[in-house]
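J.: Before anything else, here's the structure in question.
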Protein chains: 2
Amino acid sequence: MSEGNEKFVQDNNQQVGSSSEDPAPKEGAGSEKRQQKLSKAERIALRNQANSENSLVSKIDYLSVHDDTTQNFGEYHLIQSQAVAASASRVFSSVSSLNKDRVGERVWIRARVDTIRPKGRSAFLVLRQSQYTLQAVVSESDRVSRQMVKWISKEVGEECILDIYGNVVEATVKSCSQHDVELQVWKLYIVSKVKGRLPIRVEDAGRPEWQEGVHVLRDTRLDNRVLDLRVPSQQAIFRIQSGVCQLFREILLREGFIEIHSPKIIAGASEGGAEVFKLNYFGQNACLAQSPQLYKQMAICADLDRVFEIGPVFRAENSYTHRHLCEFTGLDIEMAIRDHYFEVVDVLERLFIGIFEGIRQRFANEIELVQQKFQISPITYLPPGQNPRLHFPEAVQLLRENGYVIEDLEDLSSENEKALGKIIKEKYGTDFYTLASYPASVRPFYTMPKADDSRYSNSFDMFIRGEEIVSGAQRIHDWDLLESRVKAKNIPLSSIEDYMNAFLYGAPPHGGAGIGLERVVMLYLGVGNIRECSMFPRDPKRLRP
Amino acid sequence: MSEGNEKFVQDNNQQVGSSSEDPAPKEGAGSEKRQQKLSKAERIALRNQANSENSLVSKIDYLSVHDDTTQNFGEYHLIQSQAVAASASRVFSSVSSLNKDRVGERVWIRARVDTIRPKGRSAFLVLRQSQYTLQAVVSESDRVSRQMVKWISKEVGEECILDIYGNVVEATVKSCSQHDVELQVWKLYIVSKVKGRLPIRVEDAGRPEWQEGVHVLRDTRLDNRVLDLRVPSQQAIFRIQSGVCQLFREILLREGFIEIHSPKIIAGASEGGAEVFKLNYFGQNACLAQSPQLYKQMAICADLDRVFEIGPVFRAENSYTHRHLCEFTGLDIEMAIRDHYFEVVDVLERLFIGIFEGIRQRFANEIELVQQKFQISPITYLPPGQNPRLHFPEAVQLLRENGYVIEDLEDLSSENEKALGKIIKEKYGTDFYTLASYPASVRPFYTMPKADDSRYSNSFDMFIRGEEIVSGAQRIHDWDLLESRVKAKNIPLSSIEDYMNAFLYGAPPHGGAGIGLERVVMLYLGVGNIRECSMFPRDPKRLRP
């Protein structure tokens, strides 16, 4: 065995796993040593059992910190996966788990400093862990030296990460999410410090517009997005966004869909038009897919029957609005239909109501955090099958009846969409509805024309609060009809040759839809700007961070 | 109401939904008319109930086909979502649902023609629906005219899509997935026809290499991927791929992770190096992310604690091997750790064994289909916590003991990796294992060096069958150490400024890993080439279809 090797032969054996969420030990600090001995004995037993024939499978203990049995405060060495047995038995509690039931327990917590306020021989800290906050108090006592309080007041700043050991006591702290307890601090170590000055304060970034105090402009927040995302309501938005994705999949899998991944780098010009990012692919002209449209249709032609995809969508659109991004997350579905594109609408209605209900049930805390900040009421909707489906001419008629001027075959402007949303909300009592049979001229070339009136098409949009969240249609599955539409729209056939070929070999009737994830979250929550719902948004002016 | 509007006022009301999977009616064909009347009455009742106050919510019936009550065969008009009540009550069965228990039932099926063989006054068809096949026989009888058999023999070709109505009868058909029944055809309609000649036959594309007959080269198959994907074993691969994604998420959500979406268009040079696709972003230099590495770490610095992402990853690598793609689907995780990067390895081991077990349980049919074709045995692995974890010097030693020549700090070649896989399989009886503590020089700049020997790093790869499926590490969370590593690797600080800044504001110790979805599927199934596991693969020579 070479010299270098010997460093790696460890004589300990322990699995981690349960270190973060388990309840803290109920015994006092005095019993910690016993615990360590026990767990060391267990470790040895485990090792003998597991490693008897596996001598090369060496496992490493997990702690790399100062020995907290000899020193009650200080700054850790860099945590670098060293094997230090002394602290290996520490079990950490989550901030969210601390409430009245835990009073009297001694717990370890790793959390960030939201604020710190020294006061005489004490210091008051608010600790933050994702969207949860807890007050912690260090006071001079027989356990806490004056030196320790002084050191904390001097060394611990906002956004530091700490390991704290302390006693859970009853208290009323209205400003914290854990409002019926606080932590009496007995040991405190700095895990990670802030270097230099913070460009923005998290508290300021999270202040609602209607509240007095320092406000940070959205652009400044986005420039410092890593700090901005630490705001509890921002954390909540991204937990909800994750939830929307899970529900989207859960429901579609139940409906018999499978997940696919289509290429984002494609030859030719995607769906045509100028709004495409171009790139050089080993000497060939390529571009970024404006949507998975062409490929998800090809998957249907390949008999995958019902597919969905969640992936980035790229639009080189030079528009700077509250609801456009140059890169966003597309939620796409495509499915073979038996006869009618309303089969797709049926799936989507079940899907969306399933998502709305699921979010409401699983993310009640998060919704409250966001709505407290943005002061928006929840959306309303009816059970699946009862939300209005209007045909385009009916929408035109409704708008005219309410004094709006619109041509028969003109696309709806954003203003008309908003107005229609209000009219429908008043008439049917729902923020969620479908508008079908759009004029063919305002839909893409692959949209199936209406059988009895080719000025219209078998297409639809779905809306929340008067803003589009879904766009879908029956697609043309007949090569000859498709070719005539491509020619009519002056799209060079050569640029979509692979797509066209997919319809030569027998294609099932099919339809589908595209959904913008960030837009769904924005409209569901009533957050006024799509940038709030994109972790690192991209618009024509923003490529960073 | 304008003239155009009147077309949209429909007087019928029906939901679709259950049309594809419900069992077929058990009554004979004679009872169909009664059924239609009933369902029409029901529709009217439903309409009166639901639409009494919603006169604008018009719903449309779903059928647009010939009236199958007057004509037993023929070609449909283009299915274009017309409202034709005559066939609206048809319920379709899936091919996979037909077995001995269904004998005597009359069923509707929509399926593709796998093969057709006219024989005297009969025609034998094999129908295909995704990975399932069924024999159907049309024979002249009191229900089937000679004209109908002739027309079918003339008009129906391979890959046509048909609607068939017939009687399920007992039969032994070894070559079909539904091997104990066949369908006696009574009605047959063409839904979609093939235009021109098929460039490849699906049967040929699916023929295992070891079987006699026509074989289609992989490149030819990929050029005609829409046809190639119709091969049952190919269908199975993509159902399994979808399953891997679902299991990945299910397990990680259970472990407290959330899903994020990081930008793919980024400023600067991603992780550096030449292997990056460049593009113009509204006049600025941008590139496609080589991985979500920098952004998932930023999400951890933003306190999201445990994140995963499934998304495309872009590598402008000019290598043409069995396991490299220029665009693939990355399965990424990143998590705050308490002390040691083996916390990440623990999660990954539970994750992978959960995926292996889940796929085995949920996709037994699919695995069989794929393994029949590729003749590969399933992978072996031990329960979580028992699969070997070797440190790099131990691997070097093992290789040397087995006669391989390798330097202490040299990266493993593919050949050495394969050899090590065999040695470990023999020694520990598993295809799945972890190799940790790689030399620092062969890992990226953000990898945490080993505390007691900076020639090594807190990094790991995980392997199946001697090929890497995961690459991970503890990351450097300390700004100063990170800066020194960036400088040592000659990376311009300005190109990763946003990333660097994330470590100024207190960063938690963290680690993570990146996984290639296609590679996991390829290695789990033992499919020899990664292109088989990418729906539309991209390599330096392939940008299409």
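By convention here, the chains of the structure tokens are called A, B, ... in the order presented, each chain's residues are numbered starting at 1, and ligands are numbered starting at 1 in the order presented.
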Any idea which chain B residues end up within 6 Å of chain A if we count only C-alpha atoms, as number ranges by chain please?

T.: B: 5, 16, 57, 62-63, 80-81, 130, 159-160, 192-195, 226, 229-230, 242, 258-259, 279, 302-303, 339-340, 343, 388-390, 393, 451, 498, 504-506, 545

J.: Those residues with C-alpha atoms, as a short mmCIF file (atom, residue, chain, number, x, y, z; two decimals), in the first residue's frame please?

T.:
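Writing done, so here's result13.cif:
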```
data_model
loop_
_atom_site.label_atom_id
_atom_site.label_comp_id
_atom_site.auth_asym_id
_atom_site.auth_seq_id
_atom_site.Cartn_x
_atom_site.Cartn_y
_atom_site.Cartn_z
CA ASN B 5 -71.72 32.82 -35.37
CA VAL B 16 -65.32 12.39 -23.77
CA VAL B 57 -71.33 27.19 -23.24
CA TYR B 62 -66.94 14.19 -31.09
CA LEU B 63 -67.40 12.11 -34.19
CA GLN B 80 -61.58 17.18 -38.17
CA SER B 81 -63.64 17.42 -34.95
CA SER B 130 -47.43 0.82 -28.97
CA GLU B 159 -48.46 1.35 -41.02
CA CYS B 160 -52.01 2.40 -41.96
CA SER B 192 -54.92 7.40 -41.90
CA LYS B 193 -53.01 6.06 -44.88
CA VAL B 194 -49.35 5.85 -45.78
CA LYS B 195 -48.34 8.19 -48.58
CA VAL B 226 -40.47 8.26 -36.40
CA LEU B 229 -39.65 4.45 -32.64
CA ARG B 230 -42.71 2.39 -33.53
CA SER B 242 -40.18 8.22 -18.54
CA ILE B 258 -37.71 20.66 -4.68
CA GLU B 259 -37.55 20.93 -8.45
CA LEU B 279 -24.93 32.34 -29.45
CA ALA B 302 -30.25 31.15 -1.93
CA ASP B 303 -31.36 28.73 0.82
CA ASP B 339 -20.56 17.86 7.48
CA HIS B 340 -19.61 15.33 4.86
CA GLU B 343 -24.43 12.60 2.88
CA PRO B 388 -19.01 -0.75 -2.22
CA ARG B 389 -17.54 2.72 -1.74
CA LEU B 390 -13.90 2.71 -2.70
CA PRO B 393 -6.13 4.96 -4.10
CA ALA B 451 -8.81 18.30 4.07
CA ASP B 498 -22.40 36.11 -10.71
CA LEU B 504 -19.90 36.32 -0.61
CA TYR B 505 -23.12 36.30 1.42
CA GLY B 506 -22.72 33.24 3.62
CA PRO B 545 -34.30 14.74 -37.53
#
```

J.: Please identify the helix (DSSP H, G or I) residues within segment 155-355 of chain B (assignment by DSSP from backbone atoms) and present them as a ChimeraX atom specification.

T.: /B:155,202-205,218-223,225-228,232-254,293-301,342-355

J.: As number ranges by chain, please: the residues near segment 365-371 of chain B (cut-off 6 Å, only C-alpha atoms, same-chain neighbours under 4 positions excluded).

T.: B: 233, 236, 375-376

J.: Set the distance at 8 Å and use only C-alpha atoms: which residues neighbour Pro378 of chain A once local chain neighbours fewer than 5 positions away are removed? I'd like the list as a list in words.

T.: Tyr524, Leu525 and Gly526 of chain A

J.: Of the candidates B:Thr380, B:Ser291, B:Ser97, B:Asn416, which shows the shortest atom-to-atom distance to Phe432 of chain B, using only C-alpha atoms?

T.: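 Among the listed residues, the smallest separation from Phe432 of chain B belongs to B:Thr380.
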
J.: One decimal, in Å: what's the spacing between atom CA of Lys373 of chain A and atom CA of Arg360 of chain A?

T.: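 Here the two named atoms are 17.2 Å from each other.
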
J.: Atom CA of Lys487 of chain B and atom CA of Arg315 of chain B, how far apart in Å?

T.: 23.6 Å

J.: How would you write, as a PyMOL selection string, the set of residues in segment 238-389 of chain A that DSSP gives as strand (DSSP E)?

T.: chain A and resi 258-259+265-267+278-281+284-288+306-314+327-336+389

J.: Keeping only N, CA and C atoms, take the residues you just selected and write them out as an mmCIF file, in the first residue's frame.

T.:
```cif
data_model
loop_
_atom_site.group_PDB
_atom_site.id
_atom_site.type_symbol
_atom_site.label_atom_id
_atom_site.label_comp_id
_atom_site.auth_asym_id
_atom_site.auth_seq_id
_atom_site.Cartn_x
_atom_site.Cartn_y
_atom_site.Cartn_z
ATOM 1 N N ILE A 258 -46.875 9.711 -21.094
ATOM 2 C CA ILE A 258 -45.497 9.476 -20.660
ATOM 3 C C ILE A 258 -44.692 10.749 -20.917
ATOM 4 N N GLU A 259 -43.583 10.855 -20.195
ATOM 5 C CA GLU A 259 -42.730 12.044 -20.296
ATOM 6 C C GLU A 259 -41.684 11.847 -21.383
ATOM 7 N N ILE A 265 -31.705 21.844 -29.598
ATOM 8 C CA ILE A 265 -30.914 22.311 -30.747
ATOM 9 C C ILE A 265 -31.476 21.621 -31.976
ATOM 10 N N ILE A 266 -31.995 22.413 -32.905
ATOM 11 C CA ILE A 266 -32.614 21.794 -34.073
ATOM 12 C C ILE A 266 -32.133 22.456 -35.356
ATOM 13 N N ALA A 267 -32.211 21.697 -36.435
ATOM 14 C CA ALA A 267 -31.828 22.228 -37.740
ATOM 15 C C ALA A 267 -32.941 23.163 -38.222
ATOM 16 N N LYS A 278 -30.175 31.753 -33.033
ATOM 17 C CA LYS A 278 -29.418 30.920 -33.961
ATOM 18 C C LYS A 278 -28.074 30.539 -33.369
ATOM 19 N N LEU A 279 -27.577 29.390 -33.785
ATOM 20 C CA LEU A 279 -26.241 29.015 -33.345
ATOM 21 C C LEU A 279 -25.575 28.128 -34.383
ATOM 22 N N ASN A 280 -24.275 28.020 -34.199
ATOM 23 C CA ASN A 280 -23.462 27.232 -35.102
ATOM 24 C C ASN A 280 -23.254 25.854 -34.481
ATOM 25 N N TYR A 281 -23.665 24.819 -35.222
ATOM 26 C CA TYR A 281 -23.556 23.456 -34.704
ATOM 27 C C TYR A 281 -22.536 22.703 -35.536
ATOM 28 N N GLN A 284 -22.783 23.667 -38.999
ATOM 29 C CA GLN A 284 -24.131 23.734 -39.588
ATOM 30 C C GLN A 284 -24.960 24.833 -38.911
ATOM 31 N N ASN A 285 -25.913 25.388 -39.668
ATOM 32 C CA ASN A 285 -26.852 26.332 -39.072
ATOM 33 C C ASN A 285 -27.858 25.581 -38.214
ATOM 34 N N ALA A 286 -28.009 26.058 -36.991
ATOM 35 C CA ALA A 286 -28.991 25.442 -36.105
ATOM 36 C C ALA A 286 -29.701 26.547 -35.341
ATOM 37 N N CYS A 287 -30.726 26.189 -34.612
ATOM 38 C CA CYS A 287 -31.389 27.171 -33.763
ATOM 39 C C CYS A 287 -31.942 26.480 -32.521
ATOM 40 N N LEU A 288 -32.359 27.299 -31.581
ATOM 41 C CA LEU A 288 -32.962 26.764 -30.359
ATOM 42 C C LEU A 288 -34.467 26.628 -30.574
ATOM 43 N N ARG A 306 -49.668 9.425 -25.998
ATOM 44 C CA ARG A 306 -49.927 10.590 -25.141
ATOM 45 C C ARG A 306 -48.611 10.971 -24.484
ATOM 46 N N VAL A 307 -48.115 12.154 -24.766
ATOM 47 C CA VAL A 307 -46.811 12.553 -24.237
ATOM 48 C C VAL A 307 -46.892 13.923 -23.587
ATOM 49 N N PHE A 308 -46.014 14.125 -22.599
ATOM 50 C CA PHE A 308 -45.821 15.481 -22.090
ATOM 51 C C PHE A 308 -44.338 15.759 -21.979
ATOM 52 N N GLU A 309 -44.023 17.041 -21.922
ATOM 53 C CA GLU A 309 -42.631 17.444 -21.739
ATOM 54 C C GLU A 309 -42.590 18.693 -20.878
ATOM 55 N N ILE A 310 -41.606 18.745 -19.996
ATOM 56 C CA ILE A 310 -41.338 19.964 -19.238
ATOM 57 C C ILE A 310 -39.926 20.365 -19.589
ATOM 58 N N GLY A 311 -39.776 21.504 -20.214
ATOM 59 C CA GLY A 311 -38.430 21.888 -20.622
ATOM 60 C C GLY A 311 -38.356 23.338 -21.041
ATOM 61 N N PRO A 312 -37.131 23.831 -21.238
ATOM 62 C CA PRO A 312 -36.965 25.237 -21.600
ATOM 63 C C PRO A 312 -37.439 25.511 -23.024
ATOM 64 N N VAL A 313 -37.958 26.702 -23.190
ATOM 65 C CA VAL A 313 -38.481 27.156 -24.464
ATOM 66 C C VAL A 313 -37.811 28.507 -24.723
ATOM 67 N N PHE A 314 -37.369 28.718 -25.953
ATOM 68 C CA PHE A 314 -36.548 29.884 -26.243
ATOM 69 C C PHE A 314 -37.229 30.801 -27.252
ATOM 70 N N GLU A 327 -36.611 33.099 -22.199
ATOM 71 C CA GLU A 327 -36.460 31.674 -21.912
ATOM 72 C C GLU A 327 -37.433 31.351 -20.795
ATOM 73 N N PHE A 328 -38.307 30.400 -21.025
ATOM 74 C CA PHE A 328 -39.207 30.010 -19.947
ATOM 75 C C PHE A 328 -39.387 28.499 -19.961
ATOM 76 N N THR A 329 -40.103 28.011 -18.967
ATOM 77 C CA THR A 329 -40.290 26.569 -18.848
ATOM 78 C C THR A 329 -41.622 26.177 -19.458
ATOM 79 N N GLY A 330 -41.565 25.431 -20.547
ATOM 80 C CA GLY A 330 -42.782 24.999 -21.210
ATOM 81 C C GLY A 330 -43.314 23.710 -20.607
ATOM 82 N N LEU A 331 -44.623 23.695 -20.364
ATOM 83 C CA LEU A 331 -45.303 22.453 -19.993
ATOM 84 C C LEU A 331 -46.110 22.077 -21.223
ATOM 85 N N ASP A 332 -45.695 21.053 -21.908
ATOM 86 C CA ASP A 332 -46.337 20.710 -23.180
ATOM 87 C C ASP A 332 -47.019 19.350 -23.103
ATOM 88 N N ILE A 333 -48.169 19.259 -23.750
ATOM 89 C CA ILE A 333 -48.779 17.944 -23.916
ATOM 90 C C ILE A 333 -49.166 17.751 -25.379
ATOM 91 N N GLU A 334 -49.225 16.512 -25.779
ATOM 92 C CA GLU A 334 -49.709 16.157 -27.114
ATOM 93 C C GLU A 334 -50.327 14.774 -27.013
ATOM 94 N N MET A 335 -51.457 14.552 -27.679
ATOM 95 C CA MET A 335 -52.131 13.256 -27.542
ATOM 96 C C MET A 335 -52.901 12.899 -28.802
ATOM 97 N N ALA A 336 -52.917 11.609 -29.097
ATOM 98 C CA ALA A 336 -53.804 11.130 -30.155
ATOM 99 C C ALA A 336 -55.235 11.353 -29.686
ATOM 100 N N ARG A 389 -66.818 27.098 -21.876
ATOM 101 C CA ARG A 389 -66.084 26.977 -23.138
ATOM 102 C C ARG A 389 -66.822 27.819 -24.153
#
```

J.: Using Å and a single decimal, report how far atom CA of Ile116 of chain B sits from atom CA of Ser153 of chain B.

T.: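 It comes out at 8.0 Å.
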
J.: Residues at most 12 Å from Gly466 of chain B, counting only C-alpha atoms, excluding those fewer than 3 positions away in the same chain, as a VMD selection string?

T.: chain B and resid 379 412 to 425 430 to 435 461 to 463 469 to 470 523 to 524 526
